[in-house]
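Listing of input-v7.txt, compact mmCIF, C-alpha atoms
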```txt
# COMPACT_ATOMS: atom_id res chain seq x y z
CA MET A 294 45.02 -9.92 -60.47
CA THR A 295 41.48 -9.03 -61.54
CA SER A 296 38.85 -11.25 -60.01
CA ILE A 297 36.11 -12.80 -62.13
CA TYR A 298 33.60 -11.02 -59.88
CA ASP A 299 35.12 -7.59 -60.69
CA GLU A 300 33.98 -7.96 -64.32
CA TYR A 301 30.35 -7.92 -63.16
CA LYS A 302 30.50 -5.10 -60.61
CA ASP A 303 29.23 -2.54 -63.15
CA ILE A 304 26.70 -4.97 -64.62
CA LEU A 305 25.06 -6.39 -61.48
CA PRO A 306 24.24 -4.71 -58.12
CA GLY A 307 27.09 -5.04 -55.60
CA LYS A 308 24.95 -6.96 -53.12
CA VAL A 309 23.99 -9.55 -55.75
CA VAL A 310 27.66 -10.05 -56.69
CA GLU A 311 28.59 -10.48 -53.00
CA GLU A 312 25.84 -13.07 -52.48
CA VAL A 313 26.95 -15.04 -55.55
CA LYS A 314 30.58 -14.85 -54.38
CA GLU A 315 29.70 -16.11 -50.89
CA GLU A 316 27.64 -19.01 -52.25
CA CYS A 317 30.29 -20.01 -54.82
CA THR A 318 33.06 -19.88 -52.20
CA GLN A 319 31.10 -22.18 -49.88
CA ARG A 320 30.52 -24.68 -52.68
CA ARG A 321 34.17 -24.41 -53.90
CA LEU A 322 33.24 -23.91 -57.55
CA ASN A 323 35.84 -23.41 -60.28
CA ASN A 324 36.08 -20.34 -62.54
CA ASN A 325 34.07 -21.86 -65.41
CA GLN A 326 31.20 -22.74 -63.07
CA ILE A 327 31.33 -19.27 -61.46
CA LYS A 328 31.27 -17.65 -64.93
CA THR A 329 28.20 -19.70 -65.88
CA ILE A 330 26.38 -18.72 -62.66
CA LEU A 331 27.22 -15.04 -63.11
CA GLU A 332 25.97 -15.09 -66.71
CA LYS A 333 22.73 -16.76 -65.63
CA THR A 334 22.35 -14.21 -62.81
CA LYS A 335 22.91 -11.39 -65.31
CA GLU A 336 20.23 -12.86 -67.60
CA VAL A 337 17.68 -13.09 -64.75
CA TYR A 338 18.59 -9.55 -63.60
CA GLU A 339 18.03 -8.09 -67.08
CA ILE A 340 14.63 -9.82 -67.37
CA SER A 341 13.57 -8.46 -63.95
CA LYS A 342 14.23 -4.83 -64.91
CA ILE A 343 11.28 -2.50 -65.45
CA THR A 344 10.46 -1.72 -69.07
CA PRO A 345 10.73 2.04 -69.79
CA GLY A 346 7.27 3.57 -69.67
CA GLU A 347 5.75 0.80 -67.55
CA ALA A 348 3.05 1.98 -65.09
CA VAL A 349 4.81 0.84 -61.94
CA GLY A 350 2.61 2.98 -59.67
CA ILE A 351 -0.58 1.29 -60.83
CA ILE A 352 0.97 -2.18 -60.56
CA THR A 353 2.15 -1.43 -57.01
CA ALA A 354 -1.30 -0.11 -56.02
CA GLU A 355 -2.99 -3.23 -57.43
CA SER A 356 -0.43 -5.51 -55.76
CA PHE A 357 -1.32 -4.04 -52.36
CA GLY A 358 -5.01 -3.43 -52.99
CA GLU A 359 -6.07 -6.99 -53.84
CA PRO A 360 -4.27 -8.85 -50.99
CA SER A 361 -5.24 -6.18 -48.43
CA THR A 362 -8.92 -7.05 -48.92
CA GLN A 363 -8.09 -10.45 -47.39
CA MET A 364 -6.38 -8.97 -44.33
CA THR A 365 -7.93 -9.24 -40.89
CA LEU A 366 -8.71 -6.17 -38.78
CA ASN A 367 -7.76 -7.51 -35.36
CA ILE A 368 -5.21 -6.86 -32.61
CA PHE A 369 -2.95 -9.64 -31.37
CA HIS A 370 -2.89 -9.93 -27.58
CA PHE A 371 -0.20 -11.61 -25.46
CA ALA A 372 -2.17 -13.81 -23.04
CA GLY A 373 -1.61 -13.06 -19.37
CA VAL A 374 0.29 -9.80 -19.88
CA ALA A 375 -1.61 -6.54 -19.40
CA GLU A 376 -1.17 -3.83 -22.04
CA MET A 377 0.86 -6.17 -24.28
CA ASN A 378 -1.01 -5.83 -27.59
CA VAL A 379 0.19 -5.64 -31.19
CA THR A 380 -1.81 -4.06 -34.01
CA VAL A 381 -1.68 -6.35 -37.05
CA GLY A 382 -3.26 -6.66 -40.46
CA LEU A 383 -4.75 -3.80 -42.45
CA PRO A 384 -4.81 -1.22 -39.58
CA ARG A 385 -1.05 -1.62 -39.13
CA LEU A 386 -0.39 -1.40 -42.88
CA ILE A 387 -2.39 1.85 -43.00
CA GLU A 388 -0.36 3.20 -40.04
CA ILE A 389 2.90 2.48 -41.85
CA PHE A 390 2.04 4.01 -45.23
CA ASP A 391 0.22 6.98 -43.68
CA ALA A 392 3.43 7.58 -41.64
CA ARG A 393 1.42 8.08 -38.44
CA ALA A 394 3.38 10.03 -35.82
CA THR A 395 2.85 7.35 -33.14
CA PRO A 396 1.89 3.68 -33.64
CA SER A 397 -1.32 2.58 -31.90
CA THR A 398 0.64 -0.15 -30.11
CA PRO A 399 4.30 0.97 -29.84
CA ARG A 400 6.66 -1.93 -29.20
CA MET A 401 10.34 -2.89 -29.20
CA GLN A 402 12.24 -6.11 -29.73
CA ILE A 403 15.44 -5.99 -27.69
CA TYR A 404 18.30 -8.42 -28.27
CA LEU A 405 21.18 -8.77 -25.81
CA LYS A 406 24.88 -9.24 -26.41
CA SER A 407 26.01 -12.87 -26.28
CA LYS A 408 27.55 -12.68 -22.78
CA TYR A 409 24.24 -11.51 -21.29
CA ASN A 410 22.03 -13.81 -23.36
CA ASP A 411 21.03 -16.45 -20.79
CA PRO A 412 17.80 -16.97 -18.76
CA LYS A 413 19.23 -15.50 -15.54
CA ASN A 414 20.65 -12.34 -17.10
CA ILE A 415 17.75 -11.67 -19.45
CA SER A 416 15.26 -11.53 -16.54
CA ARG A 417 17.52 -9.10 -14.68
CA VAL A 418 18.01 -6.87 -17.74
CA ALA A 419 14.26 -6.92 -18.42
CA GLY A 420 13.73 -5.63 -14.88
CA LEU A 421 16.20 -2.80 -15.53
CA ILE A 422 14.47 -1.85 -18.79
CA LYS A 423 10.86 -1.68 -17.55
CA GLU A 424 9.99 1.77 -16.28
CA THR A 425 9.15 1.88 -12.56
CA LYS A 426 7.14 4.81 -11.26
CA LEU A 427 7.26 6.12 -7.70
CA GLU A 428 3.75 4.85 -6.91
CA GLU A 429 4.86 1.27 -7.72
CA ILE A 430 7.44 1.24 -4.91
CA THR A 431 5.36 3.20 -2.37
CA HIS A 432 3.03 1.61 0.17
CA GLU A 433 1.28 4.84 1.11
CA PHE A 434 1.05 8.52 0.12
CA THR A 435 -0.03 10.85 2.95
CA ILE A 436 -0.67 14.60 2.86
CA ASN A 437 0.33 16.23 6.16
CA LEU A 438 -2.18 19.08 6.43
CA PHE A 439 -0.47 20.71 9.38
CA LYS A 440 3.03 20.85 7.86
CA THR A 441 1.81 21.01 4.22
CA HIS A 442 4.08 18.32 2.87
CA LEU A 443 3.91 14.78 1.48
CA GLU A 444 4.90 11.73 3.52
CA LEU A 445 5.71 8.51 1.66
CA ARG A 446 6.03 5.04 3.22
CA MET A 447 8.32 3.17 0.85
CA ASP A 448 8.26 -0.53 -0.11
CA LYS A 449 11.84 -1.42 0.79
CA THR A 450 11.51 -4.97 -0.55
CA LYS A 451 10.73 -3.70 -4.09
CA MET A 452 13.50 -1.12 -3.82
CA ASN A 453 15.99 -3.87 -3.00
CA GLN A 454 14.78 -5.99 -5.91
CA LEU A 455 15.37 -3.05 -8.25
CA GLY A 456 18.71 -2.19 -6.62
CA LEU A 457 17.40 1.28 -5.86
CA GLU A 458 19.06 3.20 -3.00
CA PHE A 459 17.45 6.08 -1.12
CA ASP A 460 20.19 8.51 -2.24
CA GLU A 461 19.47 7.68 -5.90
CA LEU A 462 15.72 8.00 -5.30
CA ILE A 463 16.09 11.42 -3.62
CA LYS A 464 18.26 12.68 -6.50
CA THR A 465 15.72 11.50 -9.11
CA LEU A 466 12.80 13.13 -7.29
CA THR A 467 14.70 16.41 -6.84
CA GLU A 468 15.50 16.53 -10.58
CA ASN A 469 11.94 15.74 -11.71
CA LEU A 470 9.96 17.75 -9.13
CA LYS A 471 11.00 21.40 -9.31
CA ASN A 472 11.14 23.62 -6.21
CA VAL A 473 10.82 20.79 -3.69
CA GLU A 474 12.95 19.54 -0.84
CA VAL A 475 13.23 15.76 -0.37
CA LYS A 476 14.35 14.29 2.94
CA ASN A 477 14.67 10.72 4.17
CA THR A 478 13.65 9.89 7.74
CA PRO A 479 13.89 6.46 9.44
CA GLU A 480 10.20 5.81 8.77
CA ARG A 481 9.15 7.94 5.82
CA LEU A 482 10.30 9.92 2.80
CA ILE A 483 9.21 13.58 2.99
CA ILE A 484 8.60 15.80 -0.05
CA LYS A 485 8.15 19.44 0.92
CA PRO A 486 7.57 22.42 -1.43
CA LYS A 487 10.16 25.18 -1.05
CA ASN A 488 7.41 27.76 -1.52
CA LYS A 489 5.72 27.91 1.87
CA GLN A 490 2.67 29.69 0.43
CA ASP A 491 1.48 26.54 -1.37
CA ASP A 492 -2.09 25.68 -0.45
CA LEU A 493 -3.76 22.28 -0.18
CA SER A 494 -4.66 22.10 -3.89
CA GLU A 495 -1.00 22.59 -4.85
CA ILE A 496 0.09 19.84 -2.44
CA TYR A 497 -2.48 17.51 -4.01
CA LYS A 498 -1.17 18.32 -7.51
CA LEU A 499 2.37 17.64 -6.26
CA LYS A 500 1.23 14.24 -4.96
CA GLU A 501 -0.27 13.25 -8.34
CA LYS A 502 2.82 14.46 -10.19
CA ALA A 503 5.14 12.59 -7.81
CA LYS A 504 3.29 9.31 -8.46
CA GLU A 505 4.20 9.49 -12.15
CA VAL A 506 7.94 10.12 -11.68
CA VAL A 507 10.00 7.32 -13.30
CA VAL A 508 12.53 6.29 -10.64
CA LYS A 509 14.05 3.28 -12.40
CA GLY A 510 14.20 1.79 -15.90
CA VAL A 511 13.68 3.29 -19.35
CA LYS A 512 10.92 5.86 -19.68
CA GLY A 513 8.17 4.72 -22.04
CA ILE A 514 8.70 0.96 -21.63
CA THR A 515 5.54 -0.03 -19.74
CA GLN A 516 5.77 -3.83 -20.03
CA VAL A 517 8.56 -6.34 -20.69
CA LEU A 518 8.30 -9.98 -21.68
CA PRO A 519 11.45 -12.16 -22.00
CA MET A 520 10.72 -14.77 -24.66
CA ARG A 521 12.38 -17.13 -27.10
CA LYS A 522 12.30 -16.28 -30.80
CA ASP A 523 14.05 -18.35 -33.47
CA ASN A 524 15.87 -20.35 -30.75
CA GLU A 525 17.23 -17.16 -29.19
CA LEU A 526 16.24 -15.24 -26.08
CA MET A 527 15.01 -11.66 -26.55
CA ILE A 528 12.88 -9.10 -24.69
CA PHE A 529 9.56 -8.02 -26.18
CA CYS A 530 8.53 -4.59 -24.86
CA ALA A 531 5.28 -2.61 -24.84
CA GLY A 532 6.24 1.00 -25.41
CA THR A 533 9.33 2.33 -27.11
CA ASN A 534 12.39 4.46 -26.33
CA LEU A 535 15.09 3.49 -28.81
CA LYS A 536 17.53 6.27 -27.89
CA ASP A 537 17.80 5.33 -24.20
CA VAL A 538 17.68 1.56 -24.76
CA LEU A 539 20.66 1.71 -27.16
CA LYS A 540 22.71 3.40 -24.40
CA MET A 541 22.50 0.26 -22.22
CA GLU A 542 25.67 -1.82 -22.14
CA GLN A 543 23.83 -5.17 -22.30
CA VAL A 544 21.82 -4.34 -25.45
CA ASP A 545 22.90 -5.49 -28.91
CA GLU A 546 22.38 -2.21 -30.79
CA SER A 547 22.80 -3.83 -34.23
CA ARG A 548 19.63 -5.95 -33.92
CA THR A 549 17.36 -4.10 -31.48
CA THR A 550 14.34 -2.66 -33.29
CA THR A 551 11.24 -0.53 -32.72
CA ASN A 552 8.03 -0.31 -34.74
CA ASP A 553 8.00 3.50 -34.42
CA ILE A 554 9.35 4.62 -37.82
CA HIS A 555 9.66 8.28 -36.82
CA GLU A 556 11.76 7.32 -33.78
CA VAL A 557 14.06 5.27 -36.03
CA TYR A 558 14.43 8.34 -38.27
CA GLN A 559 15.27 10.64 -35.32
CA VAL A 560 17.81 8.24 -33.77
CA LEU A 561 19.37 6.45 -36.76
CA GLY A 562 18.56 8.60 -39.81
CA ILE A 563 16.50 8.42 -42.99
CA GLU A 564 18.20 5.32 -44.48
CA ALA A 565 17.36 3.31 -41.36
CA ALA A 566 13.79 4.67 -41.47
CA ARG A 567 13.47 3.51 -45.10
CA GLN A 568 14.57 0.01 -44.09
CA ALA A 569 12.22 0.08 -41.09
CA ILE A 570 9.25 0.81 -43.41
CA ILE A 571 10.24 -2.17 -45.60
CA ASN A 572 10.68 -4.50 -42.60
CA GLU A 573 7.43 -3.47 -40.88
CA ALA A 574 5.32 -3.75 -44.06
CA LEU A 575 6.89 -7.11 -44.91
CA ASP A 576 6.19 -8.43 -41.39
CA VAL A 577 2.50 -7.44 -41.61
CA ILE A 578 2.08 -9.10 -45.02
CA GLN A 579 3.87 -12.32 -44.02
CA GLU A 580 1.94 -12.59 -40.74
CA GLN A 581 -1.27 -12.61 -42.81
CA GLY A 582 0.04 -15.42 -45.02
CA LEU A 583 0.06 -13.17 -48.08
CA GLU A 584 2.76 -12.58 -50.68
CA ILE A 585 3.66 -9.27 -52.30
CA ASP A 586 6.85 -8.75 -54.30
CA ILE A 587 9.31 -6.90 -52.05
CA ARG A 588 10.09 -4.45 -54.88
CA HIS A 589 6.62 -2.92 -54.51
CA ILE A 590 7.30 -2.32 -50.81
CA MET A 591 10.75 -0.89 -51.60
CA PHE A 592 9.20 1.42 -54.20
CA LEU A 593 6.72 2.85 -51.68
CA SER A 594 9.41 3.25 -48.99
CA ASP A 595 11.62 5.10 -51.51
CA VAL A 596 8.77 7.46 -52.38
CA MET A 597 8.10 8.12 -48.68
CA THR A 598 11.74 8.91 -47.81
CA THR A 599 13.26 10.35 -51.00
CA THR A 600 13.16 13.96 -49.68
CA GLY A 601 15.19 13.09 -46.56
CA LYS A 602 12.09 13.16 -44.35
CA ILE A 603 9.29 10.64 -43.81
CA LYS A 604 6.14 11.58 -45.71
CA GLY A 605 2.98 9.50 -45.73
CA ILE A 606 0.95 8.63 -48.79
CA THR A 607 -1.73 11.10 -47.72
CA ARG A 608 -3.17 14.49 -48.63
CA GLY A 609 -0.67 16.16 -46.30
CA GLY A 610 2.22 14.00 -47.54
CA ILE A 611 3.44 13.06 -51.01
CA THR A 612 0.00 13.23 -52.66
CA GLY A 613 -0.45 16.86 -51.63
CA GLU A 614 2.97 17.81 -53.02
CA LYS A 615 2.48 16.78 -56.64
CA GLU A 616 3.48 19.42 -59.17
CA SER A 617 0.28 19.08 -61.17
CA VAL A 618 -2.75 21.08 -59.97
CA LEU A 619 -5.16 18.63 -61.61
CA ALA A 620 -3.41 15.63 -60.00
CA ARG A 621 -3.75 17.20 -56.54
CA ALA A 622 -7.37 18.13 -57.21
CA SER A 623 -8.21 14.57 -58.30
CA PHE A 624 -7.32 13.17 -54.87
CA GLU A 625 -9.22 15.24 -52.28
CA THR A 626 -10.63 18.77 -51.83
CA PRO A 627 -10.59 19.64 -55.58
CA ILE A 628 -12.18 23.10 -55.25
CA LYS A 629 -9.55 24.18 -52.71
CA HIS A 630 -6.63 23.20 -54.98
CA ILE A 631 -8.13 24.79 -58.09
CA ILE A 632 -8.92 28.09 -56.30
CA GLU A 633 -5.41 28.30 -54.78
CA ALA A 634 -3.82 27.55 -58.17
CA SER A 635 -5.99 30.18 -59.84
CA LEU A 636 -5.09 32.85 -57.27
CA SER A 637 -1.37 32.21 -57.64
CA GLY A 638 -1.43 31.76 -61.42
CA GLU A 639 -0.03 28.23 -61.23
CA LYS A 640 0.81 26.45 -64.49
CA ASP A 641 0.21 22.73 -65.13
CA GLU A 642 2.75 21.16 -67.51
CA LEU A 643 0.64 17.98 -67.96
CA ASN A 644 3.67 15.73 -67.45
CA SER A 645 1.99 12.92 -65.52
CA VAL A 646 -0.84 10.43 -65.96
CA ILE A 647 -3.88 11.74 -64.08
CA GLU A 648 -3.99 15.21 -65.61
CA ASN A 649 -3.79 13.78 -69.15
CA VAL A 650 -6.58 11.29 -68.40
CA ILE A 651 -8.74 14.21 -67.18
CA LEU A 652 -8.10 16.10 -70.46
CA ASN A 653 -8.58 12.96 -72.62
CA GLN A 654 -5.02 13.06 -73.96
CA PRO A 655 -2.50 10.21 -74.44
CA VAL A 656 -0.77 9.49 -71.15
CA PRO A 657 3.05 9.45 -70.97
CA LEU A 658 3.18 5.68 -70.38
CA GLY A 659 3.85 2.72 -72.64
CA THR A 660 3.36 3.66 -76.30
CA GLY A 661 2.33 7.16 -75.19
CA LEU A 662 5.81 7.86 -73.78
CA PRO A 663 8.11 8.19 -76.85
CA GLY A 664 7.65 10.75 -79.56
CA LEU A 665 8.52 9.57 -83.08
CA ILE A 666 10.13 11.83 -85.67
CA ALA A 667 10.59 10.55 -89.20
CA ARG A 668 12.51 12.26 -91.99
CA MET A 669 10.46 11.80 -95.15
CA LYS A 670 11.45 12.50 -98.75
CA SER A 671 9.55 15.41 -100.21
CA ALA A 672 6.84 14.30 -102.61
CA LEU A 673 7.63 17.29 -104.84
CA GLN A 674 11.26 16.27 -105.47
CA PRO A 675 11.78 14.38 -108.75
CA THR A 676 12.94 10.80 -108.38
CA GLU A 677 16.40 9.92 -109.65
CA LYS A 678 16.62 7.96 -112.85
```
Written as structure tokens, that's how I'd like the structure from this file.
Amino acid sequence: MTSIYDEYKDILPGKVVEEVKEECTQRRLNNNQIKTILEKTKEVYEISKITPGEAVGIITAESFGEPSTQMTLNIFHFAGVAEMNVTVGLPRLIEIFDARATPSTPRMQIYLKSKYNDPKNISRVAGLIKETKLEEITHEFTINLFKTHLELRMDKTKMNQLGLEFDELIKTLTENLKNVEVKNTPERLIIKPKNKQDDLSEIYKLKEKAKEVVVKGVKGITQVLPMRKDNELMIFCAGTNLKDVLKMEQVDESRTTTNDIHEVYQVLGIEAARQAIINEALDVIQEQGLEIDIRHIMFLSDVMTTTGKIKGITRGGITGEKESVLARASFETPIKHIIEASLSGEKDELNSVIENVILNQPVPLGTGLPGLIARMKSALQPTEK
């Protein structure tokens, strides 16, 4: 039997139909009431559509430009936690739409699966996530000048807290420090280069390199802060490493997020990156107490990801890839674009707005979009009696 909702699947977006269905099912509405709601939804949907020829780009630019002048230029700091900062406001919005390779304050929000989501477990998992370097669990680094090797006096209390055994530590150091031999003695850990010709300067370099070796936790996560958000426990992290965090058994991979859009693209793909751009931009705007129609944000995210890669709204991104020579020249470095186009014999079809404005011609928007052809009776033909 055909459902009443099936009649609207080609008329309304699938998600809208599903939302209406869910709401109507909860309220136990009859078919006549559902039909009325679907018709009203269809009416609202038709009104909300863009009129052909409407200048959506200009409207989107104005919708962002005016509210952004009210944005603050500060960085939010978590009191009492070193290095735990979050870039907010206009600087963050610029980072997102410029598609910067690395955010100025990379961060993650990690949610745990329900069986691990309690105060005791979340503190333990947070300890497992935070990267721990060798220098953090070492009381003393000593260079033995006579035997030309490093001697480390370990902090066994911290190692026990992290659940780190000496065998695991030796394996990690051997993998990260090439051409070295690591031995454990009753009092000290010894790191000795296999090349016996190494001089004092090389031993010193080895010492500095050894200090930075991550022996426990997820590389890149420098700080962790278990906190409650929307009546649920989660872990706020300074630094990001989505790929390795998602491998952890305790982590809820369906809700864990990072503010590094390029990392989302590399790990989860372009569709996830598109959604990440929408979510990040929306968060910035809402934090500032401003309101911008989400369709403007979706439009920009579509433009940035439509090629299958993330491209910023910059000279090196989508602006620099416009087909029109005059459109590219109107943005930045005009002489460069015009000379390159002249040398290659490039042709401008004048299909867009900017190039027609430059040449004082009607732009292909609004009434300038359609071309009208009328078939007129010839004035020379005699009229019928």
Q: Please provide as a PyMOL selection string all residues within 10 Å of segment 320-331 of chain A, with the sequence filter that same-chain residues fewer than 5 positions apart are discarded (counting only C-alpha atoms).
A: chain A and resi 296-298+300-301+305+309-310+313-315+336-337
Q) Using all atoms listed in the file, which residues sit within 10 Å of Phe592 of chain A once same-chain residues fewer than 2 positions away are excluded, as number ranges by chain? A) A: 349-350, 353, 571, 587-590, 594-597
I need the residues from that last selection saved to file as a PDB file, in the frame of the given file (with C-alpha atoms), if you can.
```pdb
ATOM      1  CA  VAL A 349       4.810   0.840 -61.940  1.00  0.00           C
ATOM      2  CA  GLY A 350       2.610   2.980 -59.670  1.00  0.00           C
ATOM      3  CA  THR A 353       2.150  -1.430 -57.010  1.00  0.00           C
ATOM      4  CA  ILE A 571      10.240  -2.170 -45.600  1.00  0.00           C
ATOM      5  CA  ILE A 587       9.310  -6.900 -52.050  1.00  0.00           C
ATOM      6  CA  ARG A 588      10.090  -4.450 -54.880  1.00  0.00           C
ATOM      7  CA  HIS A 589       6.620  -2.920 -54.510  1.00  0.00           C
ATOM      8  CA  ILE A 590       7.300  -2.320 -50.810  1.00  0.00           C
ATOM      9  CA  SER A 594       9.410   3.250 -48.990  1.00  0.00           C
ATOM     10  CA  ASP A 595      11.620   5.100 -51.510  1.00  0.00           C
ATOM     11  CA  VAL A 596       8.770   7.460 -52.380  1.00  0.00           C
ATOM     12  CA  MET A 597       8.100   8.120 -48.680  1.00  0.00           C
TER      13      MET A 597
END
```
(Q) I need the residue nearest Tyr558 of chain A from this list: A:Ala392, A:Lys423, A:Asn437, A:Thr467. Use all atoms listed in the file for the distance. (A)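 Nearest to Tyr558 of chain A: A:Ala392.
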Q: Counting all atoms listed in the file, figure out which residue out of A:Lys502, A:Lys308, A:Lys440, A:Arg393 gets nearest to His555 of chain A.
A: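 Under the stated criterion, the closest residue is A:Arg393.
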Q) In terms of the shortest atom-to-atom distance over only C-alpha atoms, which of A:Gly346, A:Gly638, A:Pro396, A:Pro384 is closest to Thr362 of chain A? A)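 Among the listed residues, the smallest separation from Thr362 of chain A belongs to A:Pro384.
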Around all listed atoms of segment 588-607 of chain A, padded 3 Å per side, what centre and edge lengths does the axis-aligned box have in Å to one decimal, as lines of an AutoDock Vina configuration file?
```
center_x = 6.7
center_y = 4.8
center_z = -49.3
size_x = 22.9
size_y = 24.4
size_z = 17.1
```
Q: Measuring atom to atom with all atoms listed in the file, identify which of A:Lys413, A:His630, A:Lys504, A:Lys509 is nearest to Leu462 of chain A.
A: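 Under the stated criterion, the closest residue is A:Lys509.
Close contacts of segment 544-546 of chain A, defined as residues with an atom at most 6 Å away when counting all atoms listed in the file, with chain neighbours fewer than 2 positions off set aside, comprise Tyr404, Leu405, Lys406, Leu539, Met541, Glu542, Arg548 and Thr549 of chain A.
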Could the residues in this selection be written to a file with C-alpha atoms, as a CSV table (one decimal), in the coordinates of the input?
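Written file, result_12.csv:
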```csv
chain,number,residue,atom,x,y,z
A,404,TYR,CA,18.3,-8.4,-28.3
A,405,LEU,CA,21.2,-8.8,-25.8
A,406,LYS,CA,24.9,-9.2,-26.4
A,539,LEU,CA,20.7,1.7,-27.2
A,541,MET,CA,22.5,0.3,-22.2
A,542,GLU,CA,25.7,-1.8,-22.1
A,548,ARG,CA,19.6,-6.0,-33.9
A,549,THR,CA,17.4,-4.1,-31.5
```
Q. So, counting all atoms listed in the file, which residue among A:Ile628, A:Gln543, A:Leu583, A:Arg567 is closest to Thr600 of chain A?
A.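 Selected residue with least distance to Thr600 of chain A: A:Arg567.
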Q: Excluding Glu625 of chain A and any residue of its chain fewer than 3 positions from it, enumerate the residues within 12 Å of it, using all atoms listed in the file, and give them as a list in words.
A: Thr607, Arg608, Gly609, Thr612, Gly613, Val618, Leu619, Ala620, Arg621, Ala622, Ile628, Lys629, His630 and Ile631 of chain A
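You will find atom CA of Lys342 of chain A at 13.5 Å from atom CA of Asp586 of chain A.
Among the candidate residues A:Thr441, A:Pro399, A:Leu535, A:Glu424, the one lying nearest to Leu561 of chain A is A:Leu535, with distances computed using only C-alpha atoms.
Atom CA of Ser361 of chain A is found 28.8 Å from atom CA of Ser617 of chain A.
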Q | Point-to-point distance in Å for atom CA of Leu457 of chain A and atom CA of Val473 of chain A | A | 20.7 Å
